[in-house]
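Participant: Submitted below is the structure of interest, expressed as C-alpha cells.
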Amino acid sequence: GGRDGYDGGFDRRDRRREGGTQPWPPSTPSVQKLIDIPVEQRLQYKITEIDPECVHEFGTHKEASQWLQAKICDDAGQSHVDAEEIQMLVNGLVRPDILYDRFGNFAVQKLFDVVNDEQKAFIAGVLKGESVKMATSLTGHNVLQKAFHKVLNDEQRDEVAQELSQHLPEILEDQNGSHFFSKLIEHSPMQGAGIILNAVLDEAHPLTIEHMGTRLFSCRILQRLFEHAKDHPSLPQLRTAVVPFTKLIGMHQYGNYVIQSLVNNAPDESAMAAEVLAALSPEDVVEMACHRFASNVLEKVAPKAPQENIVALQATLMERREGDMPLLVAMMGREFGNYVAQAIIPKLPTDIVEQIAEAATEHRGYLRQSQFGGHSMNVLDKHGTKLRFSKTLQSIGFREGRRDGRDRGGKGGRDGMRDG
C-alpha cells in the first residue's frame, strides 16, 4: 500500500454512486456490518450514522480505515464527506492512540487535507507535547510530517521545532526521526533546515558536526542540508564548519558521503574542492589515499579541484616513498589507491604525467603482479604518453581492458553501500 497505507481496496470502477447515500443495515452500524457490505456499495453509507463512540474502532481496522480514507478523499480526488462527518472524524480519530495506530494513522493523515481552521487548532492542541515521541515512531512520524505541512501555522511550527531541538541527537540517530527530518528539509527547506542548523552551529548544543557526520542516519541529514537547503542563510557557515573535519569524517564508513555531498552541492564546486584539499596535511593525504572509505573522498574531489591543487597533491604522493618506489606508484597497485591515482592523473600537465609514467615503468614488476595496476597504467597511456608509453605498457604484460576497474566488493560501489 505504499507509505500512505492505502492499498486501493476500493476499485475506482466500483465507485459509482447510484441514488446517493444509503441507510445502514438495521441496528447500530459496526465494523462487521461494513465488512459485510459489498465493496462497490460502501461509499454510499454515511459516517454520521455510526455511533460517535465507535469511530475510533473504524480507524483501527484495516478495511474500515480504508473506507474512511476513501470517504475523505478517493483516488480520483473526490471527497464523499460533509462538514458534519468531518467534525465527527476529528472528534473520533484525533487522539494519541489513533495517531500511532498502524491503520488509524493513515485515516488521520487523510483527514488533515479537509479540516478547517478551528479543527486545525484542536489538532495542534492534541499534538502539543507529543512531537518527540511522534518523530521517532514508525507511524507517528508520518502524521507529524503531514501536520507540519497541512495543519500547523508558523507559531505552532516554532513550538514543535523548540520541542524537537531539545532532543535532536537521539531523534537523528533514530531511523524514523531521521526520515522525518529528511522529508521536512526536502519539502520545507527553510523551516526544516533551520531547526538543525540552529542546533549544530550552536557550540552549547549537544548536537555536533562530528556526531552527525559519523552516524548511520544523522549523516544523511547533513547530506540533505547540502542538497535542499542551498538558499538558507546559515548554510555557508555550516560548509565552513564541516571542512576542518574532512579527514575525521572522510575516513568514516558513512561520513565519507558527507564530504562528497559537501563538494558536489557547493555553489562553486572547484573552490570547495580546493578548500577540502587545503584542509588536509601531507600526512593526512598519505593516510587517506589508500583507505577504504577516505579514498572515495579524494577520488571524487580531485576531478573538481583546480589543477594547482592536484599538482601539489601528486607532488606530496611522489615525494613520499614506500620502500624504493614513490607512494603514488605504489597506490596504482592498491585496491583503493588505484582509483585515487586514476582521478589525479587526468588533471596533471603532460610533462608531469610522463614523469609518473617513467617512475611506473621502473616498477613494472610490482604493477604487473597487481590486479589493479593495469588500470592506472591505462590511464597514464591515455593522458599524454600514448605514443611513447603504449609499447612499454604492452612490454610489461598489460592488455587493454576496463579503464575504470570497478570491482569494489559488491553492489553499489567498492564498499557495497549506497547513500540512503
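All residue names refer to the C-alpha cells as shown: chains lettered A, B, ... in order, residues numbered from 1 in each chain, ligands numbered from 1 in order.
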Using only C-alpha atoms, determine which residues lie at most 8 Å from His383 in chain A, disregarding the query and same-chain residues fewer than 4 positions distant; provide the list as a list in words.
Facilitator: Ile345, Pro346, Thr350, Val353 and Val379 of chain A
Participant: Can you write out as JSON lines which residues of range 212-246 of chain A fall within 7 Å of range 174-193 of chain A, alongside each residue's closest atom pair and its distance in Å to one decimal, counting only C-alpha atoms and ordering rows by chain and ascending residue number?
Facilitator:
```
{"residue": "A:Phe217", "atom": "CA", "partner": "A:Ser178", "partner_atom": "CA", "distance": 5.8}
{"residue": "A:Ser218", "atom": "CA", "partner": "A:Ser178", "partner_atom": "CA", "distance": 6.3}
{"residue": "A:Ile221", "atom": "CA", "partner": "A:Ser182", "partner_atom": "CA", "distance": 6.0}
{"residue": "A:Arg224", "atom": "CA", "partner": "A:Ser182", "partner_atom": "CA", "distance": 6.4}
{"residue": "A:Leu225", "atom": "CA", "partner": "A:Ala193", "partner_atom": "CA", "distance": 6.4}
{"residue": "A:His228", "atom": "CA", "partner": "A:Glu186", "partner_atom": "CA", "distance": 5.7}
{"residue": "A:Ala229", "atom": "CA", "partner": "A:Pro189", "partner_atom": "CA", "distance": 5.2}
{"residue": "A:His232", "atom": "CA", "partner": "A:Met190", "partner_atom": "CA", "distance": 6.1}
```
Participant: Kindly export the residues of the current selection with N, CA and C atoms, as a PDB file, in the first residue's frame.
Facilitator:
```
ATOM      1  N   PHE A 217      22.289   7.352  10.447  1.00  0.00           N
ATOM      2  CA  PHE A 217      21.125   8.101   9.991  1.00  0.00           C
ATOM      3  C   PHE A 217      21.356   9.608   9.975  1.00  0.00           C
ATOM      4  N   SER A 218      22.036  10.137  10.988  1.00  0.00           N
ATOM      5  CA  SER A 218      22.192  11.590  11.042  1.00  0.00           C
ATOM      6  C   SER A 218      23.121  12.119   9.951  1.00  0.00           C
ATOM      7  N   ILE A 221      21.237  13.516   7.162  1.00  0.00           N
ATOM      8  CA  ILE A 221      20.649  14.846   7.356  1.00  0.00           C
ATOM      9  C   ILE A 221      21.610  15.917   6.847  1.00  0.00           C
ATOM     10  N   ARG A 224      21.258  15.987   3.171  1.00  0.00           N
ATOM     11  CA  ARG A 224      20.019  16.648   2.736  1.00  0.00           C
ATOM     12  C   ARG A 224      20.140  18.164   2.863  1.00  0.00           C
ATOM     13  N   LEU A 225      20.841  18.626   3.890  1.00  0.00           N
ATOM     14  CA  LEU A 225      21.042  20.069   4.043  1.00  0.00           C
ATOM     15  C   LEU A 225      21.815  20.628   2.857  1.00  0.00           C
ATOM     16  N   HIS A 228      19.289  20.342  -0.337  1.00  0.00           N
ATOM     17  CA  HIS A 228      17.992  21.023  -0.436  1.00  0.00           C
ATOM     18  C   HIS A 228      17.930  22.380   0.254  1.00  0.00           C
ATOM     19  N   ALA A 229      18.912  22.704   1.072  1.00  0.00           N
ATOM     20  CA  ALA A 229      18.855  23.979   1.814  1.00  0.00           C
ATOM     21  C   ALA A 229      19.906  24.965   1.323  1.00  0.00           C
ATOM     22  N   HIS A 232      19.451  28.615   2.311  1.00  0.00           N
ATOM     23  CA  HIS A 232      19.347  29.007   3.719  1.00  0.00           C
ATOM     24  C   HIS A 232      20.541  29.888   4.088  1.00  0.00           C
TER      25      HIS A 232
END
```
Participant: Could you list, as a compact mmCIF listing (two decimals) with all heavy atoms, in the first residue's frame, every residue within 6 Å of range 52-69 of chain A, counting only C-alpha atoms and ignoring same-chain residues fewer than 4 positions away?
Facilitator:
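Done, and the output landed in part-v6.txt:
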```
# COMPACT_ATOMS: atom_id res chain seq x y z
N GLY A 92 -13.39 11.73 16.73
CA GLY A 92 -13.17 10.31 16.99
C GLY A 92 -11.78 9.80 16.68
O GLY A 92 -11.35 8.79 17.25
N LEU A 93 -11.08 10.47 15.77
CA LEU A 93 -9.78 9.95 15.31
C LEU A 93 -8.57 10.73 15.82
O LEU A 93 -7.47 10.15 15.93
CB LEU A 93 -9.73 9.93 13.77
CG LEU A 93 -10.72 9.02 13.05
CD1 LEU A 93 -10.53 9.12 11.54
CD2 LEU A 93 -10.58 7.57 13.50
N PHE A 103 -3.10 1.40 11.24
CA PHE A 103 -4.12 1.72 10.23
C PHE A 103 -4.72 3.11 10.45
O PHE A 103 -4.96 3.85 9.50
CB PHE A 103 -5.23 0.67 10.24
CG PHE A 103 -4.74 -0.74 10.02
CD1 PHE A 103 -5.05 -1.75 10.93
CD2 PHE A 103 -3.97 -1.06 8.93
CE1 PHE A 103 -4.60 -3.04 10.75
CE2 PHE A 103 -3.51 -2.35 8.72
CZ PHE A 103 -3.82 -3.35 9.65
N GLY A 104 -4.93 3.45 11.71
CA GLY A 104 -5.58 4.72 12.02
C GLY A 104 -4.79 5.93 11.59
O GLY A 104 -5.36 6.96 11.22
N ALA A 107 -5.77 7.24 8.16
CA ALA A 107 -7.03 7.97 8.12
C ALA A 107 -6.85 9.39 8.66
O ALA A 107 -7.42 10.35 8.13
CB ALA A 107 -8.09 7.22 8.93
```
Participant: Nearest residue to Tyr257 in chain A out of A:Gly213, A:Gly337, A:Pro96, A:Pro38, using only C-alpha atoms?
Facilitator: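 Among the listed residues, the smallest separation from Tyr257 in chain A belongs to A:Gly213.
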